[in-house]
>>> print(open('final.txt').read())   # compact mmCIF, N, CA, C and O atoms
# COMPACT_ATOMS: atom_id res chain seq x y z
N MET A 69 17.61 -14.17 -6.42
CA MET A 69 16.21 -13.82 -6.21
C MET A 69 15.98 -12.40 -6.74
O MET A 69 16.74 -11.48 -6.47
N GLN A 70 14.92 -12.23 -7.46
CA GLN A 70 14.58 -10.93 -8.05
C GLN A 70 13.97 -10.01 -7.00
O GLN A 70 13.17 -10.43 -6.17
N GLN A 71 14.37 -8.73 -7.04
CA GLN A 71 13.82 -7.73 -6.14
C GLN A 71 12.35 -7.48 -6.48
O GLN A 71 11.98 -7.47 -7.65
N PRO A 72 11.53 -7.26 -5.47
CA PRO A 72 10.11 -6.97 -5.74
C PRO A 72 9.92 -5.55 -6.29
O PRO A 72 10.76 -4.67 -6.07
N ASN A 73 8.85 -5.36 -7.00
CA ASN A 73 8.43 -4.04 -7.48
C ASN A 73 7.35 -3.56 -6.51
O ASN A 73 6.31 -4.21 -6.38
N ILE A 74 7.60 -2.43 -5.84
CA ILE A 74 6.72 -2.00 -4.74
C ILE A 74 6.02 -0.69 -5.07
O ILE A 74 6.62 0.23 -5.61
N LEU A 75 4.73 -0.63 -4.71
CA LEU A 75 3.95 0.60 -4.78
C LEU A 75 3.67 1.04 -3.35
O LEU A 75 3.18 0.24 -2.53
N VAL A 76 3.99 2.30 -3.04
CA VAL A 76 3.72 2.86 -1.72
C VAL A 76 2.64 3.92 -1.88
O VAL A 76 2.76 4.82 -2.70
N VAL A 77 1.56 3.78 -1.10
CA VAL A 77 0.42 4.71 -1.19
C VAL A 77 0.21 5.35 0.17
O VAL A 77 -0.12 4.67 1.14
N ASP A 78 0.44 6.68 0.23
CA ASP A 78 0.27 7.39 1.50
C ASP A 78 0.04 8.86 1.21
O ASP A 78 0.73 9.44 0.37
N ASP A 79 -0.92 9.46 1.89
CA ASP A 79 -1.25 10.87 1.65
C ASP A 79 -0.30 11.83 2.36
O ASP A 79 -0.30 13.01 2.08
N GLU A 80 0.53 11.32 3.27
CA GLU A 80 1.50 12.17 3.98
C GLU A 80 2.79 12.22 3.16
O GLU A 80 3.56 11.25 3.13
N GLY A 81 3.02 13.34 2.48
CA GLY A 81 4.12 13.48 1.55
C GLY A 81 5.49 13.17 2.13
O GLY A 81 6.30 12.48 1.50
N ASP A 82 5.77 13.67 3.33
CA ASP A 82 7.09 13.43 3.95
C ASP A 82 7.30 11.94 4.24
O ASP A 82 8.38 11.40 4.00
N PHE A 83 6.27 11.28 4.75
CA PHE A 83 6.38 9.86 5.06
C PHE A 83 6.58 9.06 3.77
O PHE A 83 7.43 8.17 3.71
N LEU A 84 5.80 9.39 2.74
CA LEU A 84 5.89 8.70 1.45
C LEU A 84 7.31 8.84 0.89
O LEU A 84 7.92 7.85 0.48
N GLU A 85 7.83 10.04 0.87
CA GLU A 85 9.15 10.29 0.32
C GLU A 85 10.24 9.55 1.11
O GLU A 85 11.14 8.94 0.53
N THR A 86 10.14 9.57 2.42
CA THR A 86 11.14 8.90 3.27
C THR A 86 11.13 7.39 3.03
O THR A 86 12.19 6.78 2.86
N LEU A 87 9.95 6.79 3.01
CA LEU A 87 9.85 5.34 2.81
C LEU A 87 10.37 4.95 1.43
O LEU A 87 11.13 3.99 1.28
N MET A 88 10.01 5.72 0.41
CA MET A 88 10.48 5.43 -0.94
C MET A 88 12.00 5.56 -1.03
O MET A 88 12.66 4.71 -1.64
N ASN A 89 12.57 6.59 -0.44
CA ASN A 89 14.02 6.77 -0.46
C ASN A 89 14.74 5.61 0.22
O ASN A 89 15.78 5.15 -0.26
N ARG A 90 14.20 5.15 1.32
CA ARG A 90 14.83 4.03 2.04
C ARG A 90 14.80 2.75 1.20
O ARG A 90 15.77 1.99 1.18
N LEU A 91 13.70 2.52 0.49
CA LEU A 91 13.61 1.34 -0.37
C LEU A 91 14.54 1.47 -1.58
O LEU A 91 15.23 0.51 -1.95
N LYS A 92 14.58 2.64 -2.18
CA LYS A 92 15.44 2.86 -3.34
C LYS A 92 16.92 2.72 -2.99
O LYS A 92 17.71 2.24 -3.80
N LYS A 93 17.31 3.13 -1.78
CA LYS A 93 18.70 2.95 -1.34
C LYS A 93 19.08 1.48 -1.31
O LYS A 93 20.25 1.12 -1.42
N ARG A 94 18.10 0.63 -1.14
CA ARG A 94 18.32 -0.81 -1.13
C ARG A 94 18.12 -1.42 -2.52
O ARG A 94 17.98 -2.63 -2.67
N LYS A 95 18.05 -0.56 -3.53
CA LYS A 95 17.91 -0.97 -4.94
C LYS A 95 16.60 -1.72 -5.20
O LYS A 95 16.55 -2.64 -6.01
N ILE A 96 15.54 -1.32 -4.50
CA ILE A 96 14.22 -1.92 -4.69
C ILE A 96 13.39 -0.97 -5.54
O ILE A 96 13.24 0.21 -5.20
N ALA A 97 12.87 -1.48 -6.64
CA ALA A 97 12.03 -0.66 -7.53
C ALA A 97 10.80 -0.20 -6.77
O ALA A 97 10.04 -1.00 -6.26
N THR A 98 10.63 1.12 -6.70
CA THR A 98 9.56 1.69 -5.88
C THR A 98 8.86 2.82 -6.63
O THR A 98 9.51 3.67 -7.23
N THR A 99 7.53 2.80 -6.58
CA THR A 99 6.70 3.86 -7.12
C THR A 99 5.84 4.36 -5.98
O THR A 99 5.42 3.57 -5.13
N GLY A 100 5.54 5.64 -5.95
CA GLY A 100 4.71 6.19 -4.89
C GLY A 100 3.57 7.01 -5.44
O GLY A 100 3.65 7.55 -6.53
N CYS A 101 2.50 7.07 -4.67
CA CYS A 101 1.36 7.93 -5.00
C CYS A 101 0.64 8.29 -3.71
O CYS A 101 0.90 7.70 -2.66
N SER A 102 -0.26 9.27 -3.80
CA SER A 102 -0.86 9.80 -2.58
C SER A 102 -2.36 9.58 -2.45
O SER A 102 -2.99 10.14 -1.57
N SER A 103 -2.96 8.76 -3.33
CA SER A 103 -4.40 8.53 -3.21
C SER A 103 -4.76 7.12 -3.68
O SER A 103 -4.04 6.50 -4.48
N GLY A 104 -5.89 6.64 -3.20
CA GLY A 104 -6.39 5.34 -3.62
C GLY A 104 -6.72 5.30 -5.10
O GLY A 104 -6.45 4.31 -5.78
N GLU A 105 -7.28 6.38 -5.60
CA GLU A 105 -7.64 6.44 -7.01
C GLU A 105 -6.41 6.32 -7.91
O GLU A 105 -6.40 5.59 -8.90
N GLU A 106 -5.35 7.03 -7.53
CA GLU A 106 -4.12 6.98 -8.30
C GLU A 106 -3.49 5.58 -8.19
O GLU A 106 -2.95 5.04 -9.16
N ALA A 107 -3.57 4.99 -7.02
CA ALA A 107 -3.04 3.64 -6.83
C ALA A 107 -3.73 2.65 -7.76
O ALA A 107 -3.06 1.81 -8.38
N LEU A 108 -5.04 2.74 -7.88
CA LEU A 108 -5.77 1.81 -8.76
C LEU A 108 -5.34 1.98 -10.21
O LEU A 108 -5.19 0.99 -10.93
N ARG A 109 -5.14 3.21 -10.63
CA ARG A 109 -4.68 3.46 -11.99
C ARG A 109 -3.31 2.81 -12.21
O ARG A 109 -3.07 2.12 -13.20
N LEU A 110 -2.40 3.01 -11.26
CA LEU A 110 -1.06 2.45 -11.38
C LEU A 110 -1.06 0.93 -11.36
O LEU A 110 -0.31 0.28 -12.10
N VAL A 111 -1.91 0.34 -10.52
CA VAL A 111 -1.98 -1.12 -10.41
C VAL A 111 -2.46 -1.73 -11.73
O VAL A 111 -2.02 -2.82 -12.12
N LYS A 112 -3.34 -1.04 -12.44
CA LYS A 112 -3.81 -1.53 -13.74
C LYS A 112 -2.73 -1.47 -14.80
O LYS A 112 -2.72 -2.24 -15.74
N GLU A 113 -1.78 -0.54 -14.63
CA GLU A 113 -0.71 -0.33 -15.62
C GLU A 113 0.54 -1.17 -15.33
O GLU A 113 1.28 -1.51 -16.25
N THR A 114 0.82 -1.46 -14.07
CA THR A 114 2.07 -2.08 -13.66
C THR A 114 1.82 -3.25 -12.72
O THR A 114 1.05 -3.12 -11.77
N PRO A 115 2.47 -4.38 -12.95
CA PRO A 115 2.29 -5.54 -12.06
C PRO A 115 3.16 -5.44 -10.80
O PRO A 115 4.24 -6.00 -10.73
N PHE A 116 2.69 -4.70 -9.81
CA PHE A 116 3.42 -4.58 -8.55
C PHE A 116 3.35 -5.88 -7.78
O PHE A 116 2.30 -6.54 -7.76
N ASP A 117 4.45 -6.23 -7.14
CA ASP A 117 4.48 -7.44 -6.30
C ASP A 117 3.94 -7.16 -4.92
O ASP A 117 3.27 -8.00 -4.32
N VAL A 118 4.26 -5.96 -4.41
CA VAL A 118 3.86 -5.57 -3.06
C VAL A 118 3.30 -4.16 -3.10
O VAL A 118 3.84 -3.29 -3.78
N ILE A 119 2.21 -3.95 -2.37
CA ILE A 119 1.61 -2.62 -2.26
C ILE A 119 1.54 -2.28 -0.77
O ILE A 119 0.93 -3.01 0.01
N VAL A 120 2.20 -1.20 -0.40
CA VAL A 120 2.17 -0.72 0.98
C VAL A 120 1.14 0.40 1.00
O VAL A 120 1.31 1.43 0.34
N LEU A 121 0.05 0.20 1.72
CA LEU A 121 -1.14 1.03 1.58
C LEU A 121 -1.59 1.63 2.91
O LEU A 121 -1.89 0.89 3.86
N ASP A 122 -1.63 2.95 2.97
CA ASP A 122 -2.12 3.65 4.16
C ASP A 122 -3.63 3.40 4.29
O ASP A 122 -4.36 3.45 3.30
N ILE A 123 -4.10 3.14 5.48
CA ILE A 123 -5.53 2.90 5.69
C ILE A 123 -6.32 4.20 5.67
O ILE A 123 -7.36 4.30 5.04
N LYS A 124 -5.83 5.21 6.39
CA LYS A 124 -6.57 6.48 6.51
C LYS A 124 -6.03 7.50 5.53
O LYS A 124 -4.92 8.00 5.69
N MET A 125 -6.83 7.78 4.51
CA MET A 125 -6.48 8.82 3.54
C MET A 125 -7.71 9.70 3.36
O MET A 125 -8.79 9.20 3.07
N PRO A 126 -7.56 10.99 3.56
CA PRO A 126 -8.72 11.89 3.44
C PRO A 126 -9.15 12.05 1.99
O PRO A 126 -8.41 11.73 1.07
N GLY A 127 -10.36 12.53 1.83
CA GLY A 127 -10.85 12.78 0.47
C GLY A 127 -11.54 11.56 -0.10
O GLY A 127 -12.42 11.00 0.53
N GLY A 128 -11.10 11.12 -1.25
CA GLY A 128 -11.71 10.01 -1.99
C GLY A 128 -11.70 8.69 -1.25
O GLY A 128 -12.25 8.54 -0.17
N MET A 129 -11.02 7.72 -1.82
CA MET A 129 -11.02 6.35 -1.29
C MET A 129 -10.06 6.21 -0.11
O MET A 129 -8.94 6.70 -0.17
N ASP A 130 -10.50 5.50 0.91
CA ASP A 130 -9.58 5.17 1.99
C ASP A 130 -8.85 3.88 1.64
O ASP A 130 -9.09 3.28 0.58
N GLY A 131 -7.97 3.43 2.51
CA GLY A 131 -7.18 2.24 2.23
C GLY A 131 -7.99 0.97 2.12
O GLY A 131 -7.67 0.10 1.30
N ILE A 132 -9.04 0.83 2.91
CA ILE A 132 -9.86 -0.38 2.85
C ILE A 132 -10.60 -0.46 1.52
O ILE A 132 -10.64 -1.52 0.88
N GLN A 133 -11.17 0.64 1.07
CA GLN A 133 -11.84 0.67 -0.24
C GLN A 133 -10.84 0.37 -1.36
O GLN A 133 -11.16 -0.38 -2.29
N THR A 134 -9.67 0.95 -1.25
CA THR A 134 -8.63 0.73 -2.26
C THR A 134 -8.21 -0.74 -2.28
O THR A 134 -8.06 -1.33 -3.35
N LEU A 135 -8.04 -1.33 -1.10
CA LEU A 135 -7.70 -2.75 -1.00
C LEU A 135 -8.74 -3.62 -1.71
O LEU A 135 -8.40 -4.53 -2.48
N ARG A 136 -10.01 -3.35 -1.46
CA ARG A 136 -11.08 -4.11 -2.11
C ARG A 136 -10.92 -4.08 -3.64
O ARG A 136 -11.03 -5.11 -4.30
N GLU A 137 -10.69 -2.89 -4.18
CA GLU A 137 -10.57 -2.74 -5.63
C GLU A 137 -9.30 -3.37 -6.18
O GLU A 137 -9.32 -3.98 -7.25
N ILE A 138 -8.21 -3.25 -5.45
CA ILE A 138 -6.95 -3.88 -5.89
C ILE A 138 -7.12 -5.38 -5.99
O ILE A 138 -6.70 -6.01 -6.98
N LYS A 139 -7.74 -5.97 -5.00
CA LYS A 139 -7.89 -7.43 -4.98
C LYS A 139 -8.82 -7.93 -6.10
O LYS A 139 -8.71 -9.08 -6.51
N LYS A 140 -9.69 -7.07 -6.61
CA LYS A 140 -10.53 -7.45 -7.76
C LYS A 140 -9.68 -7.59 -9.02
O LYS A 140 -9.97 -8.40 -9.88
N THR A 141 -8.64 -6.75 -9.11
CA THR A 141 -7.82 -6.69 -10.31
C THR A 141 -6.57 -7.56 -10.20
O THR A 141 -6.19 -8.22 -11.15
N ARG A 142 -5.93 -7.52 -9.04
CA ARG A 142 -4.64 -8.20 -8.83
C ARG A 142 -4.67 -9.04 -7.56
O ARG A 142 -4.11 -8.66 -6.55
N ARG A 143 -5.33 -10.16 -7.63
CA ARG A 143 -5.47 -11.02 -6.45
C ARG A 143 -4.12 -11.49 -5.90
O ARG A 143 -4.00 -11.77 -4.72
N ASP A 144 -3.11 -11.58 -6.78
CA ASP A 144 -1.81 -12.08 -6.36
C ASP A 144 -0.92 -11.03 -5.71
O ASP A 144 0.11 -11.37 -5.11
N ALA A 145 -1.27 -9.77 -5.77
CA ALA A 145 -0.45 -8.71 -5.17
C ALA A 145 -0.56 -8.79 -3.65
O ALA A 145 -1.64 -8.95 -3.10
N GLU A 146 0.59 -8.71 -3.00
CA GLU A 146 0.60 -8.71 -1.53
C GLU A 146 0.42 -7.27 -1.07
O GLU A 146 1.16 -6.38 -1.49
N VAL A 147 -0.57 -7.04 -0.22
CA VAL A 147 -0.86 -5.69 0.27
C VAL A 147 -0.56 -5.65 1.76
O VAL A 147 -1.04 -6.48 2.53
N ILE A 148 0.27 -4.68 2.14
CA ILE A 148 0.59 -4.45 3.55
C ILE A 148 -0.05 -3.13 3.94
O ILE A 148 0.22 -2.10 3.32
N LEU A 149 -0.92 -3.16 4.91
CA LEU A 149 -1.63 -1.95 5.35
C LEU A 149 -0.80 -1.19 6.37
O LEU A 149 -0.12 -1.79 7.21
N LEU A 150 -0.84 0.12 6.28
CA LEU A 150 -0.17 1.01 7.23
C LEU A 150 -1.22 1.79 8.00
O LEU A 150 -2.20 2.25 7.41
N THR A 151 -1.01 1.93 9.28
CA THR A 151 -1.91 2.77 10.04
C THR A 151 -1.15 3.57 11.10
O THR A 151 -0.27 3.03 11.77
N GLY A 152 -1.46 4.83 11.18
CA GLY A 152 -0.91 5.67 12.23
C GLY A 152 -1.92 5.82 13.35
O GLY A 152 -1.64 6.37 14.40
N HIS A 153 -3.11 5.32 13.11
CA HIS A 153 -4.21 5.39 14.08
C HIS A 153 -4.62 3.96 14.36
O HIS A 153 -5.50 3.41 13.69
N ALA A 154 -3.94 3.33 15.30
CA ALA A 154 -4.14 1.91 15.56
C ALA A 154 -5.61 1.58 15.79
O ALA A 154 -6.23 2.03 16.73
N SER A 155 -6.16 0.83 14.87
CA SER A 155 -7.53 0.36 14.99
C SER A 155 -7.52 -1.12 14.65
O SER A 155 -7.40 -1.49 13.48
N LEU A 156 -7.61 -1.93 15.67
CA LEU A 156 -7.58 -3.37 15.45
C LEU A 156 -8.73 -3.80 14.55
O LEU A 156 -8.56 -4.64 13.67
N GLU A 157 -9.88 -3.19 14.72
CA GLU A 157 -11.06 -3.54 13.92
C GLU A 157 -10.82 -3.31 12.43
O GLU A 157 -11.06 -4.19 11.60
N THR A 158 -10.31 -2.14 12.08
CA THR A 158 -10.05 -1.82 10.68
C THR A 158 -8.94 -2.70 10.12
O THR A 158 -9.03 -3.18 8.99
N SER A 159 -7.91 -2.93 10.90
CA SER A 159 -6.81 -3.77 10.45
C SER A 159 -7.28 -5.20 10.21
O SER A 159 -6.90 -5.83 9.23
N MET A 160 -8.11 -5.71 11.08
CA MET A 160 -8.65 -7.07 10.91
C MET A 160 -9.56 -7.14 9.68
O MET A 160 -9.54 -8.14 8.96
N GLU A 161 -10.32 -6.09 9.42
CA GLU A 161 -11.15 -6.05 8.22
C GLU A 161 -10.25 -6.15 6.99
O GLU A 161 -10.55 -6.88 6.04
N GLY A 162 -9.14 -5.42 7.00
CA GLY A 162 -8.20 -5.48 5.89
C GLY A 162 -7.64 -6.88 5.70
O GLY A 162 -7.51 -7.36 4.56
N MET A 163 -7.32 -7.54 6.78
CA MET A 163 -6.80 -8.91 6.70
C MET A 163 -7.85 -9.84 6.10
O MET A 163 -7.54 -10.70 5.28
N GLN A 164 -9.10 -9.67 6.48
CA GLN A 164 -10.17 -10.50 5.94
C GLN A 164 -10.38 -10.25 4.45
O GLN A 164 -10.80 -11.13 3.72
N LEU A 165 -10.05 -9.04 3.98
CA LEU A 165 -10.19 -8.70 2.57
C LEU A 165 -8.99 -9.13 1.74
O LEU A 165 -8.96 -8.91 0.54
N GLY A 166 -7.99 -9.69 2.38
CA GLY A 166 -6.86 -10.21 1.63
C GLY A 166 -5.53 -9.53 1.85
O GLY A 166 -4.55 -9.84 1.17
N ALA A 167 -5.45 -8.59 2.79
CA ALA A 167 -4.17 -7.96 3.08
C ALA A 167 -3.23 -9.00 3.68
O ALA A 167 -3.65 -9.90 4.41
N TYR A 168 -1.96 -8.89 3.37
CA TYR A 168 -0.96 -9.82 3.88
C TYR A 168 -0.68 -9.56 5.35
O TYR A 168 -0.55 -10.48 6.15
N ASP A 169 -0.61 -8.28 5.71
CA ASP A 169 -0.30 -7.91 7.09
C ASP A 169 -0.59 -6.44 7.27
O ASP A 169 -0.95 -5.75 6.31
N TYR A 170 -0.41 -5.93 8.48
CA TYR A 170 -0.54 -4.50 8.72
C TYR A 170 0.56 -4.06 9.67
O TYR A 170 1.05 -4.85 10.48
N LEU A 171 0.99 -2.82 9.48
CA LEU A 171 2.06 -2.25 10.30
C LEU A 171 1.60 -0.92 10.88
O LEU A 171 0.85 -0.19 10.24
N LEU A 172 2.10 -0.62 12.07
CA LEU A 172 1.84 0.68 12.69
C LEU A 172 2.90 1.66 12.20
O LEU A 172 4.08 1.34 12.19
N LYS A 173 2.45 2.85 11.81
CA LYS A 173 3.40 3.89 11.41
C LYS A 173 4.16 4.37 12.63
O LYS A 173 3.60 4.44 13.71
N PRO A 174 5.44 4.71 12.42
CA PRO A 174 6.21 5.23 13.56
C PRO A 174 5.73 6.61 13.95
O PRO A 174 5.12 7.31 13.19
>>> encode(input="final.txt", output="structure tokens")
Amino acid sequence: MQQPNILVVDDEGDFLETLMNRLKKRKIATTGCSSGEEALRLVKETPFDVIVLDIKMPGGMDGIQTLREIKKTRRDAEVILLTGHASLETSMEGMQLGAYDYLLKP
């Protein structure tokens, strides 16, 4: 079975680096970025199998807006939402927009 190509999107640098390092130790191709806008650019350039996407990102696009745009371009990409601020309402909205699942940040 082929390893998935994963994009991790999170504005918290330490968390992003830690998650990417853990995946790379398992020999999983991983790319990281810190904004929704950058994620959209990367998704257009690379066919990621899985996108791990933080819901709350300050500044430009949040995770829900980013999810909407990703699904317009890559309907087949599996998106897993991350939240450090448990909001069932926002997580359910993400699921309705096509997210595969959501996880609570440690």
>>> closest_residue(input="final.txt", among="A:Arg94, A:Lys140, A:Lys173, A:Lys124", to="Leu108 of chain A", atoms="only C-alpha atoms")
A:Lys140
>>> atom_distance(input="final.txt", atom1="atom CA of Gln164 of chain A", atom2="atom CA of Ile119 of chain A")
16.4 Å
>>> closest_residue(input="final.txt", among="A:Lys95, A:Leu156, A:Lys139, A:Ile132", to="Gln70 of chain A", atoms="all atoms listed in the file")
A:Lys95
>>> atom_distance(input="final.txt", atom1="atom N of Pro72 of chain A", atom2="atom N of Leu135 of chain A")
20.9 Å
>>> atom_distance(input="final.txt", atom1="atom CA of Pro174 of chain A", atom2="atom C of Thr86 of chain A")
11.8 Å
>>> residues_around(input="final.txt", residues="Phe116 of chain A", least_positions_apart="4", cutoff="7 Å", atoms="only C-alpha atoms", output="tab-separated table (two decimals) with N, CA, C and O atoms, keeping the file's coordinate frame")
chain	number	residue	atom	x	y	z
A	73	ASN	N	8.85	-5.36	-7.00
A	73	ASN	CA	8.43	-4.04	-7.48
A	73	ASN	C	7.35	-3.56	-6.51
A	73	ASN	O	6.31	-4.21	-6.38
A	74	ILE	N	7.60	-2.43	-5.84
A	74	ILE	CA	6.72	-2.00	-4.74
A	74	ILE	C	6.02	-0.69	-5.07
A	74	ILE	O	6.62	0.23	-5.61
A	75	LEU	N	4.73	-0.63	-4.71
A	75	LEU	CA	3.95	0.60	-4.78
A	75	LEU	C	3.67	1.04	-3.35
A	75	LEU	O	3.18	0.24	-2.53
A	111	VAL	N	-1.91	0.34	-10.52
A	111	VAL	CA	-1.98	-1.12	-10.41
A	111	VAL	C	-2.46	-1.73	-11.73
A	111	VAL	O	-2.02	-2.82	-12.12
A	145	ALA	N	-1.27	-9.77	-5.77
A	145	ALA	CA	-0.45	-8.71	-5.17
A	145	ALA	C	-0.56	-8.79	-3.65
A	145	ALA	O	-1.64	-8.95	-3.10
>>> closest_residue(input="final.txt", among="A:Asp78, A:Met129, A:Phe83, A:Val147", to="Gly162 of chain A", atoms="all atoms listed in the file")
A:Val147
>>> select_by_dssp(input="final.txt", residues="chain A", states="strand (DSSP E)", output="PyMOL selection string")
chain A and resi 73-77+97-101+118-122+146-151+169-172
>>> closest_residue(input="final.txt", among="A:Ala97, A:Lys112, A:Asp117, A:Ser102", to="Leu84 of chain A", atoms="all atoms listed in the file")
A:Ser102
>>> select_by_dssp(input="final.txt", residues="chain A", states="helix (DSSP H, G or I)", output="count of residues only")
43
